[in-house]
file structure_33.txt (compact mmCIF, C-alpha atoms)
# COMPACT_ATOMS: atom_id res chain seq x y z
CA MET Y 20 -8.25 66.60 99.54
CA PRO Y 21 -6.43 67.36 96.31
CA ARG Y 22 -8.81 68.49 93.56
CA ALA Y 23 -8.45 69.35 89.88
CA ALA Y 24 -10.91 70.48 87.23
CA LEU Y 25 -11.19 71.76 83.70
CA VAL Y 26 -13.70 74.60 83.54
CA THR Y 27 -15.19 76.86 80.89
CA ARG Y 28 -16.06 79.78 83.21
CA PRO Y 29 -13.75 82.48 84.59
CA LEU Y 30 -11.49 81.16 87.36
CA ASP Y 31 -12.35 82.35 90.87
CA VAL Y 32 -8.90 82.95 92.34
CA ALA Y 33 -10.14 83.94 95.82
CA ALA Y 34 -12.32 80.84 96.11
CA LEU Y 35 -9.43 78.56 95.14
CA LEU Y 36 -7.20 80.20 97.75
CA ARG Y 37 -9.85 79.73 100.43
CA GLU Y 38 -10.04 76.05 99.52
CA VAL Y 39 -6.46 75.40 100.74
CA GLN Y 40 -6.62 77.55 103.90
CA ARG Y 41 -6.61 75.54 107.14
CA PRO Y 42 -5.35 76.27 110.65
CA ALA Y 43 -2.57 73.68 110.21
CA ASN Y 44 -1.16 75.56 107.23
CA GLY Y 45 1.44 78.29 107.73
CA ALA Y 46 1.66 79.08 104.02
CA GLU Y 47 -0.59 79.24 101.00
CA VAL Y 48 1.00 79.68 97.59
CA LEU Y 49 -1.22 80.83 94.75
CA PHE Y 50 -0.06 80.59 91.12
CA VAL Y 51 -2.11 82.33 88.45
CA GLY Y 52 -1.20 81.80 84.80
CA THR Y 53 -2.56 84.55 82.54
CA VAL Y 54 -2.78 85.22 78.82
CA ARG Y 55 0.17 87.40 77.78
CA ASP Y 56 -0.01 90.03 75.04
CA ALA Y 57 3.00 88.82 73.06
CA HIS Y 58 4.66 85.56 72.03
CA GLU Y 59 7.97 85.29 70.20
CA GLY Y 60 7.74 88.91 69.09
CA ARG Y 61 4.16 88.72 67.80
CA SER Y 62 1.31 90.72 69.29
CA VAL Y 63 -1.26 88.32 70.82
CA THR Y 64 -4.93 89.31 71.22
CA GLY Y 65 -6.34 86.07 72.66
CA ILE Y 66 -5.95 82.31 73.00
CA ASP Y 67 -8.28 79.37 72.32
CA TYR Y 68 -7.63 76.60 74.85
CA SER Y 69 -8.84 73.11 73.97
CA ALA Y 70 -8.27 69.71 75.52
CA TYR Y 71 -8.75 65.99 75.20
CA ASP Y 72 -11.30 66.45 77.96
CA ALA Y 73 -11.53 62.94 79.40
CA MET Y 74 -7.79 62.36 79.48
CA ALA Y 75 -6.85 65.91 80.53
CA SER Y 76 -9.24 65.70 83.50
CA ALA Y 77 -7.83 62.31 84.50
CA GLU Y 78 -4.22 63.42 84.04
CA LEU Y 79 -4.77 66.63 86.02
CA GLU Y 80 -6.37 64.65 88.84
CA ARG Y 81 -3.49 62.16 88.87
CA LEU Y 82 -1.08 65.08 88.96
CA VAL Y 83 -2.55 66.88 92.00
CA GLU Y 84 -2.80 63.55 93.82
CA GLU Y 85 0.86 62.88 93.03
CA ALA Y 86 1.81 66.37 94.28
CA SER Y 87 -0.19 65.78 97.45
CA VAL Y 88 1.78 62.61 98.20
CA ARG Y 89 5.14 64.00 97.08
CA TYR Y 90 4.86 67.17 99.20
CA ALA Y 91 2.81 65.69 102.04
CA THR Y 92 -0.20 68.00 102.02
CA PRO Y 93 -3.84 67.33 101.15
CA ASP Y 94 -4.25 70.97 100.10
CA VAL Y 95 -3.43 71.00 96.38
CA VAL Y 96 -6.04 72.44 94.03
CA CYS Y 97 -5.75 73.19 90.32
CA GLU Y 98 -8.28 74.51 87.82
CA HIS Y 99 -7.55 75.08 84.14
CA ARG Y 100 -9.88 77.12 81.97
CA LEU Y 101 -10.78 76.13 78.40
CA GLY Y 102 -12.36 78.18 75.62
CA THR Y 103 -11.44 81.55 74.17
CA LEU Y 104 -9.57 83.80 76.61
CA ALA Y 105 -8.53 87.43 76.26
CA VAL Y 106 -5.24 89.03 77.25
CA GLY Y 107 -5.07 89.20 81.04
CA ASP Y 108 -7.56 86.39 81.63
CA ALA Y 109 -6.42 83.66 84.03
CA SER Y 110 -5.97 80.33 82.21
CA VAL Y 111 -4.77 78.26 85.16
CA VAL Y 112 -4.77 78.58 88.95
CA ILE Y 113 -2.83 76.38 91.35
CA ALA Y 114 -3.38 76.80 95.09
CA VAL Y 115 -1.26 74.93 97.62
CA GLY Y 116 -1.55 75.03 101.40
CA HIS Y 117 1.19 73.57 103.59
CA PRO Y 118 2.50 73.96 107.14
CA ARG Y 119 5.82 75.25 105.68
CA ARG Y 120 6.40 77.79 102.93
CA ALA Y 121 9.31 76.02 101.21
CA ALA Y 122 7.26 72.92 100.47
CA ALA Y 123 4.29 75.04 99.40
CA TYR Y 124 6.43 76.88 96.81
CA ASP Y 125 7.99 73.62 95.62
CA ALA Y 126 4.65 71.87 95.23
CA SER Y 127 3.18 74.80 93.29
CA ARG Y 128 6.13 74.86 90.91
CA TRP Y 129 6.04 71.09 90.47
CA VAL Y 130 2.35 71.15 89.53
CA ILE Y 131 2.67 73.83 86.84
CA GLU Y 132 5.74 72.21 85.27
CA ALA Y 133 4.11 68.75 85.27
CA LEU Y 134 0.89 70.23 83.85
CA LYS Y 135 2.79 71.85 80.97
CA ALA Y 136 4.63 68.59 80.26
CA ARG Y 137 1.83 66.04 80.63
CA VAL Y 138 -1.72 67.34 80.44
CA PRO Y 139 -3.26 67.15 76.93
CA ILE Y 140 -4.31 70.77 76.57
CA TRP Y 141 -3.52 72.88 73.50
CA LYS Y 142 -3.60 76.56 72.75
CA ARG Y 143 -4.11 78.43 69.53
CA GLU Y 144 -3.03 82.03 69.67
CA HIS Y 145 -4.83 84.85 67.88
CA TYR Y 146 -2.49 87.53 66.57
CA ALA Y 147 -3.08 91.22 65.95
CA ASP Y 148 -2.78 90.63 62.17
CA GLY Y 149 -5.80 88.26 62.27
CA SER Y 150 -3.84 85.01 61.89
CA ARG Y 151 -3.92 82.08 64.32
CA ALA Y 152 -1.41 79.35 65.19
CA TRP Y 153 -1.07 76.36 67.50
CA VAL Y 154 1.56 76.93 70.17
CA HIS Y 155 4.07 74.27 71.15
CA HIS Y 156 5.99 74.81 74.35
CA GLY Y 157 9.74 74.61 74.25
CA ARG Y 158 9.85 75.45 70.57
CA MET B 15 -9.81 45.08 63.07
CA ILE B 16 -11.05 48.65 62.80
CA VAL B 17 -9.70 51.12 65.35
CA ASN B 18 -11.12 54.59 65.96
CA VAL B 19 -8.37 57.15 66.58
CA LEU B 20 -9.02 60.56 68.14
CA LEU B 21 -7.10 63.55 66.77
CA PHE B 22 -6.63 66.97 68.34
CA ALA B 23 -5.29 70.45 67.63
CA SER B 24 -2.66 70.51 64.86
CA TYR B 25 -3.14 66.80 64.05
CA ALA B 26 -6.89 67.28 63.60
CA ASP B 27 -6.13 70.19 61.27
CA ALA B 28 -3.60 68.08 59.34
CA LEU B 29 -6.02 65.19 58.72
CA GLY B 30 -9.09 67.43 58.42
CA ALA B 31 -10.98 65.40 61.06
CA ASP B 32 -11.11 64.98 64.82
CA ALA B 33 -11.35 61.18 64.56
CA VAL B 34 -10.45 58.64 61.89
CA MET B 35 -11.07 54.90 61.54
CA VAL B 36 -8.09 52.81 60.47
CA GLU B 37 -7.78 49.11 59.70
CA VAL B 38 -4.90 47.24 61.30
CA PRO B 39 -4.22 43.49 61.60
CA ASP B 40 -5.33 41.60 64.70
CA GLY B 41 -2.42 41.67 67.15
CA ALA B 42 -1.35 45.13 65.97
CA VAL B 43 0.50 47.58 68.19
CA LEU B 44 0.05 51.35 68.49
CA GLY B 45 2.94 51.88 66.09
CA ASP B 46 0.89 50.16 63.37
CA VAL B 47 -1.96 52.58 64.03
CA VAL B 48 0.42 55.54 63.68
CA THR B 49 1.78 54.14 60.39
CA ALA B 50 -1.78 53.80 59.06
CA ILE B 51 -2.61 57.37 60.07
CA ARG B 52 0.57 58.72 58.48
CA GLY B 53 -0.47 57.09 55.20
CA ARG B 54 -3.65 59.19 55.05
CA PRO B 55 -3.80 62.52 53.20
CA GLY B 56 -2.22 65.10 55.52
CA GLY B 57 -0.82 62.34 57.71
CA ASP B 58 2.72 63.28 56.79
CA ARG B 59 2.34 66.19 59.24
CA VAL B 60 2.13 63.69 62.11
CA PRO B 61 5.64 62.76 63.31
CA SER B 62 6.77 59.13 63.06
CA VAL B 63 6.98 58.88 66.86
CA PRO B 64 4.09 60.98 68.23
CA LEU B 65 2.78 60.84 71.77
CA VAL B 66 -0.05 58.32 71.92
CA ALA B 67 -2.67 57.56 74.53
CA ARG B 68 -4.71 54.44 75.13
CA ASN B 69 -7.78 54.63 77.38
CA HIS B 70 -6.78 58.06 78.75
CA ARG B 71 -3.18 57.17 79.65
CA TYR B 72 0.05 57.72 77.76
CA ALA B 73 1.25 54.55 76.04
CA THR B 74 4.17 53.49 73.86
CA LEU B 75 4.16 52.53 70.20
CA ALA B 76 5.01 48.95 71.19
CA ASP B 77 1.82 48.58 73.25
CA PRO B 78 -0.93 46.33 71.82
CA VAL B 79 -4.25 47.62 70.50
CA ALA B 80 -7.74 46.21 70.86
CA ALA B 81 -10.73 47.35 68.83
CA THR B 82 -12.43 48.49 72.04
CA ASP B 83 -9.54 50.77 73.10
CA GLU B 84 -9.89 54.54 73.00
CA ILE B 85 -6.78 55.56 71.06
CA ALA B 86 -5.62 59.15 70.63
CA LEU B 87 -2.67 60.87 69.01
CA ILE B 88 -1.45 63.67 71.26
CA PRO B 89 0.21 66.69 69.62
CA PRO B 90 2.84 68.51 71.73
CA VAL B 91 0.87 69.76 74.73
CA ALA B 92 0.69 73.45 75.64
CA GLY B 93 -1.40 73.90 78.76
CA GLY B 94 -0.84 76.57 81.37

call {"tool": "encode", "arguments": {"input": "structure_33.txt", "output": "structure tokens"}}
result
Amino acid sequence: MPRAALVTRPLDVAALLREVQRPANGAEVLFVGTVRDAHEGRSVTGIDYSAYDAMASAELERLVEEASVRYATPDVVCEHRLGTLAVGDASVVIAVGHPRRAAAYDASRWVIEALKARVPIWKREHYADGSRAWVHHGR
Amino acid sequence: MIVNVLLFASYADALGADAVMVEVPDGAVLGDVVTAIRGRPGGDRVPSVPLVARNHRYATLADPVAATDEIALIPPVAGG
């Protein structure tokens, strides 16, 4: 079954991959989003992730269920981490299992793009100079 | 009626609170709530057409409001 969660602990990438492995699947695609050390030319040292918890959980659940229907696989799992993360930490993991690789890749890509567009999660970057700023995608 | 409005991220910083109560007429729509918020100190940093949510789903500014609704203004999202 599709599953989504917001968590405040480190993401367990191997466990999420195992969750979508079944004999019927010929492909598992794993996407791991990590905190990058630079943004728009500024040196980044960490990111605070926050969310409108109740709505973000509901929206993320609706999104993996939609992906499951759209790409015809029950094996769609997404966890997003909240709290203060350091450079290199995983902020989001999407695991998709599917009989065919093309659909697995497509579903994975669809989930991350929909997540970035729809799920009420925000990030505030910490910069090397000690300042902090809210990040807006597509700016 | 009095409506409680949840604020997050840059909007919470702008208004200096993570929730505010606003008074709007009975029969008001979400756009009236946004107008009331924008009239508060710091509210000018909220755009005139922000994303809004009612009871955990995106809604439009033309949608009606009830005092029991959970209303939130949603700054541009940045998950991932």

call {"tool": "closest_atom_pairs", "arguments": {"input": "structure_33.txt", "of": "chain Y", "to": "chain B", "cutoff": "9 Å", "atoms": "only C-alpha atoms", "output": "JSON lines"}}
result
{"residue": "Y:Gly52", "atom": "CA", "partner": "B:Gly94", "partner_atom": "CA", "distance": 6.3}
{"residue": "Y:Thr53", "atom": "CA", "partner": "B:Gly94", "partner_atom": "CA", "distance": 8.2}
{"residue": "Y:Tyr68", "atom": "CA", "partner": "B:Gly93", "partner_atom": "CA", "distance": 7.8}
{"residue": "Y:Ser69", "atom": "CA", "partner": "B:Ala23", "partner_atom": "CA", "distance": 7.7}
{"residue": "Y:Ala70", "atom": "CA", "partner": "B:Phe22", "partner_atom": "CA", "distance": 7.9}
{"residue": "Y:Tyr71", "atom": "CA", "partner": "B:Phe22", "partner_atom": "CA", "distance": 7.2}
{"residue": "Y:Ala73", "atom": "CA", "partner": "B:His70", "partner_atom": "CA", "distance": 6.8}
{"residue": "Y:Met74", "atom": "CA", "partner": "B:His70", "partner_atom": "CA", "distance": 4.5}
{"residue": "Y:Ala75", "atom": "CA", "partner": "B:His70", "partner_atom": "CA", "distance": 8.0}
{"residue": "Y:Ala77", "atom": "CA", "partner": "B:His70", "partner_atom": "CA", "distance": 7.2}
{"residue": "Y:Glu78", "atom": "CA", "partner": "B:Arg71", "partner_atom": "CA", "distance": 7.7}
{"residue": "Y:His99", "atom": "CA", "partner": "B:Gly94", "partner_atom": "CA", "distance": 7.4}
{"residue": "Y:Ser110", "atom": "CA", "partner": "B:Gly94", "partner_atom": "CA", "distance": 6.4}
{"residue": "Y:Val111", "atom": "CA", "partner": "B:Gly94", "partner_atom": "CA", "distance": 5.7}
{"residue": "Y:Val112", "atom": "CA", "partner": "B:Gly94", "partner_atom": "CA", "distance": 8.8}
{"residue": "Y:Ile131", "atom": "CA", "partner": "B:Gly94", "partner_atom": "CA", "distance": 7.1}
{"residue": "Y:Glu132", "atom": "CA", "partner": "B:Gly94", "partner_atom": "CA", "distance": 8.8}
{"residue": "Y:Leu134", "atom": "CA", "partner": "B:Gly93", "partner_atom": "CA", "distance": 6.7}
{"residue": "Y:Lys135", "atom": "CA", "partner": "B:Gly93", "partner_atom": "CA", "distance": 5.2}
{"residue": "Y:Ala136", "atom": "CA", "partner": "B:Val91", "partner_atom": "CA", "distance": 6.8}
{"residue": "Y:Arg137", "atom": "CA", "partner": "B:Val91", "partner_atom": "CA", "distance": 7.0}
{"residue": "Y:Val138", "atom": "CA", "partner": "B:Val91", "partner_atom": "CA", "distance": 6.7}
{"residue": "Y:Pro139", "atom": "CA", "partner": "B:Val91", "partner_atom": "CA", "distance": 5.4}
{"residue": "Y:Ile140", "atom": "CA", "partner": "B:Gly93", "partner_atom": "CA", "distance": 4.8}
{"residue": "Y:Trp141", "atom": "CA", "partner": "B:Ala92", "partner_atom": "CA", "distance": 4.8}
{"residue": "Y:Lys142", "atom": "CA", "partner": "B:Ala92", "partner_atom": "CA", "distance": 6.0}
{"residue": "Y:Arg143", "atom": "CA", "partner": "B:Ala23", "partner_atom": "CA", "distance": 8.3}
{"residue": "Y:Ala152", "atom": "CA", "partner": "B:Ser24", "partner_atom": "CA", "distance": 8.9}
{"residue": "Y:Trp153", "atom": "CA", "partner": "B:Ser24", "partner_atom": "CA", "distance": 6.6}
{"residue": "Y:Val154", "atom": "CA", "partner": "B:Ala92", "partner_atom": "CA", "distance": 6.5}
{"residue": "Y:His155", "atom": "CA", "partner": "B:Ala92", "partner_atom": "CA", "distance": 5.7}
{"residue": "Y:His156", "atom": "CA", "partner": "B:Ala92", "partner_atom": "CA", "distance": 5.6}

call {"tool": "closest_residue", "arguments": {"input": "structure_33.txt", "among": "B:Asp32, B:Asp27, B:Asp58, B:Asp46", "to": "Thr74 in chain B", "atoms": "all atoms listed in the file"}}
result
B:Asp46

call {"tool": "residues_around", "arguments": {"input": "structure_33.txt", "residues": "Ala80 in chain B", "least_positions_apart": "2", "cutoff": "12 Å", "atoms": "all atoms listed in the file", "output": "PyMOL selection string"}}
result
chain B and resi 15-19+37-44+47+68-69+77-78+82-85

call {"tool": "closest_residue", "arguments": {"input": "structure_33.txt", "among": "Y:Gly60, Y:Met20, Y:Pro42, Y:Ala121", "to": "Glu80 in chain Y", "atoms": "all atoms listed in the file"}}
result
Y:Met20

call {"tool": "residues_near_point", "arguments": {"input": "structure_33.txt", "point": "(6.8, 71.2, 96.1)", "cutoff": "12 Å", "atoms": "all atoms listed in the file", "output": "NGL selection string"}}
result
:Y and (47-48 or 83 or 85-92 or 94-95 or 113-117 or 119-133)
